[in-house]
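Q: Starting off with a structure, shown below.
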Amino acid sequence: MGECSMPYLLSNEDVAQALDMETSVRALESAVREWAHGNAAAVPRHNFFAPAGREGEVFQFGVMSGGSKNDQLYCLRILDDVLYYQREGDLLTREKYCIEPGTYCGLLLLFSTANGELLGIMPDGIIQHMRVAGETAVGVDILANSDASTIGMLGSGGMARSFAEAISVVRDIRGIKVYSPTREHREEYARDMAERLDIEVQSVNGPREAIQGTDIVCLCTDSLRPVMSAEWMEPGQLVISVGGGGGLLDVSGDMSLFQGFFAISTDDLASAEDRGGGYMIGYSYFAGQPQDFGAIPQEAWWPAPEEHNRGVTRLLDVMSGAATGRSSREDILHLWGGGYTTVGFSALAGIVYRAAKEKGLGQQIPLDWFVQKVRD
């Protein structure tokens, strides 16, 4: 079929051989800068919701995409999840699965914008961690004080690991304090990250202790309730939210203590429908009546887009020179590190695709499976 080759079908193991954090951060910095100057574009997330097969669960199908003129790549991300919510004491979290707990479905389809060719299909798991953490590191490089060297980490899961590694690419991180509710988890995190980054990582007994005396605060939890108070913050800190609630829903207290609020883009902080409880991230559509979505707790709903976006500065505008970032060493700033800048998927999937060609990763499948002679 002309000059086309067979698409690559790749696994997370293949992705892991192709990507490292420093390469990812630098590629994402370039991709976001291209976006800021109009040479890349992102299509915001769109969600479909419907009642799932079991009581207390909700089906969610999400799509988001983005691409770059200069790379001649476009990437589509597909998410296929069943959502449910768990309460344990004061802790409320959102859980998800595909087919059964412990398995997940997130796919990336990479296309050439030169001729429309499908280049590759791969899972989004590792790339998603690299993308969210890497794009956050781009924000850290812009907003954190240049001599920031310590991290206060709330959360001890995979994203908390990726964040520490990514931030270490753009700042000389020398120490981390970590807190999460399960002692074994935070102690395991401390051991793992101390070895991985060759720095001191201390497990502490409370969230405020983790935050005190640090330069960069990361809220890497899946909690749908606030995990810190604004009153705990100290001059000069950069606070990053990436929790289950997203944005400032991770922080309680007096928001006037912040001198600035930032997100790479605000395009995804909007919703198409209010289905009784509020809004959902992205443009969301609901197949059912308000009572069909009673399993979604109030904490999971977002405020109206105009309320959530109020006062938020886009890092795209900072990078293009249309807005300013940090104006003083003493400024306390907030960065939403939700990672909804979909141009990052095409940047990272492109690296994986090129590595597959060079190293023989994955397997190739017939292009004829995906093209047709019938005009649509």
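In the structure tokens, the first chain shown is A, the next is B, and so on; residue numbers restart at 1 for each chain, and ligands run from 1 in the order shown.
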Just the residues within 9 Å of Arg33 (chain A), please, counting only C-alpha atoms, with nothing from its chain fewer than 5 positions along; format it as an NGL selection string.
A: :A and (28 or 38-40 or 316 or 319-320)
Q: Write out as JSON, numbers by chain all residues of region 282-337 of chain A that backbone DSSP assigns to alpha helix (DSSP H).
A: {"A": [305, 306, 307, 308, 315, 316, 317, 318, 319, 320]}
Q: Can you tell me which residues surround region 72-77 of chain A at a distance of at most 7 Å, considering only C-alpha atoms, apart from same-chain residues fewer than 2 positions away, and format the answer as a list of chain:residue names?
A: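 In the requested form, the answer reads A:Val63, A:Met64, A:Ser65, A:Gly66, A:Gly67, A:Ser68, A:Lys69, A:Asn70, A:Leu79, A:Leu107, A:Leu108, A:Leu109, A:Leu110, A:Phe111, A:Ser112, A:Thr113, A:Ala114, A:Phe345, A:Ser346.
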Q: Extract, using only C-alpha atoms, all DNA, RNA and protein residues at most 12 Å from Gln17 (chain A), discarding same-chain residues fewer than 5 positions from it, and format them as a list in words.
A: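 Here the answer would be Leu10, Ser11, Asn12, Ile126, Ile127, Ile351, Val352, Tyr353, Arg354, Ala355, Ala356, Glu358, Lys359, Gly360, Leu361 and Gly362 of chain A.
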Q: Give me the residues within 8 Å of region 142-156 of chain A as a PyMOL selection string, counting only C-alpha atoms and dropping any in the same chain fewer than 2 places off.
A: chain A and resi 138-140+158-161+164+171-180+185-186+189+207+210-212+214-221+227+236-238+325-326+329+333
Q: Restricted to C-alpha atoms, what would the selected residues look like written as an mmCIF file, in the first residue's frame?
A:
```
data_model
loop_
_atom_site.group_PDB
_atom_site.id
_atom_site.type_symbol
_atom_site.label_atom_id
_atom_site.label_comp_id
_atom_site.auth_asym_id
_atom_site.auth_seq_id
_atom_site.Cartn_x
_atom_site.Cartn_y
_atom_site.Cartn_z
ATOM 1 C CA VAL A 138 7.486 21.856 32.831
ATOM 2 C CA GLY A 139 5.281 23.946 35.123
ATOM 3 C CA VAL A 140 7.698 23.523 38.031
ATOM 4 C CA GLY A 158 2.818 5.435 41.166
ATOM 5 C CA MET A 159 2.085 9.064 40.360
ATOM 6 C CA ALA A 160 3.925 10.218 43.502
ATOM 7 C CA ARG A 161 6.960 8.305 42.274
ATOM 8 C CA ALA A 164 9.468 13.082 42.266
ATOM 9 C CA ARG A 171 15.440 21.072 39.913
ATOM 10 C CA ASP A 172 18.336 19.794 42.024
ATOM 11 C CA ILE A 173 16.179 17.886 44.507
ATOM 12 C CA ARG A 174 18.105 16.829 47.610
ATOM 13 C CA GLY A 175 15.369 15.662 49.956
ATOM 14 C CA ILE A 176 11.750 14.484 50.109
ATOM 15 C CA LYS A 177 9.340 14.094 53.019
ATOM 16 C CA VAL A 178 6.433 11.762 52.286
ATOM 17 C CA TYR A 179 3.127 11.072 54.012
ATOM 18 C CA SER A 180 0.270 8.750 53.078
ATOM 19 C CA HIS A 185 3.170 2.334 51.750
ATOM 20 C CA ARG A 186 4.955 5.553 52.683
ATOM 21 C CA TYR A 189 8.053 4.815 48.925
ATOM 22 C CA PRO A 207 0.485 15.684 56.144
ATOM 23 C CA ALA A 210 5.457 16.467 55.244
ATOM 24 C CA ILE A 211 4.790 19.974 53.947
ATOM 25 C CA GLN A 212 6.692 21.994 56.556
ATOM 26 C CA THR A 214 9.788 22.195 51.837
ATOM 27 C CA ASP A 215 9.967 24.176 48.598
ATOM 28 C CA ILE A 216 7.592 22.177 46.390
ATOM 29 C CA VAL A 217 4.435 20.516 47.735
ATOM 30 C CA CYS A 218 2.908 17.669 45.687
ATOM 31 C CA LEU A 219 -0.630 16.450 46.405
ATOM 32 C CA CYS A 220 -0.479 13.118 44.557
ATOM 33 C CA THR A 221 -3.450 11.358 46.117
ATOM 34 C CA VAL A 227 -5.721 16.697 51.870
ATOM 35 C CA GLY A 236 7.862 30.711 48.415
ATOM 36 C CA GLN A 237 6.197 27.318 48.138
ATOM 37 C CA LEU A 238 4.759 25.933 44.915
ATOM 38 C CA GLY A 325 4.450 33.597 36.356
ATOM 39 C CA ARG A 326 6.268 34.028 39.663
ATOM 40 C CA ARG A 329 10.591 34.607 45.793
ATOM 41 C CA LEU A 333 1.674 29.620 43.956
#
```
Q: With only C-alpha atoms as the basis for distance, which of A:Ile199, A:His46, A:Arg314, A:Arg191 is at the shortest distance from Ser168 (chain A)?
A: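 Looking at the shortest contact to Ser168 (chain A), the residue is A:Ile199.
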Q: Considering only C-alpha atoms, state which residue in the set A:Ser24, A:Thr313, A:Ser252, A:Phe61 is at the smallest distance from Gln128 (chain A).
A: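 For Gln128 (chain A), the nearest of the given residues is A:Ser24.
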Q: How many Å lie between CA of Leu91 (chain A) and CA of Ala300 (chain A), rounded to one decimal?
A: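 Answer for the CA of Leu91 (chain A) to CA of Ala300 (chain A) separation: 12.7 Å.
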Q: Name the residues in contact with Gln364 (chain A) at a cut-off of 7 Å, using only C-alpha atoms, excluding same-chain residues fewer than 3 positions from it; report them as JSON, numbers by chain.
A: {"A": [6, 7, 8, 9]}
Q: According to DSSP computed on the backbone, where in region 165-286 of chain A is there strand (DSSP E or B)? Give the residues as a PyMOL selection string.
A: chain A and resi 175-179+200-203+216-219+223+228-229+238-241+251-252+260-263+279+283-286
Q: Name the closest residue to Asp331 (chain A) among the candidates A:Pro297, A:Gly106, A:Gly344, A:Pro235; distances are taken between atoms, counting only C-alpha atoms.
A: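 Smallest separation from Asp331 (chain A) among the options: A:Pro235.
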Q: So, counting only C-alpha atoms, which residue among A:Gly134, A:Pro181, A:Gly213, A:Pro226 is closest to Thr23 (chain A)?
A: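 For Thr23 (chain A), the nearest of the given residues is A:Gly134.
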Q: Of the candidates A:Ser203, A:Gln60, A:Gln298, A:Ser162, which shows the shortest atom-to-atom distance to Asp20 (chain A), using only C-alpha atoms?
A: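 Among A:Ser203, A:Gln60, A:Gln298, A:Ser162, it is A:Ser162 that comes nearest to Asp20 (chain A).
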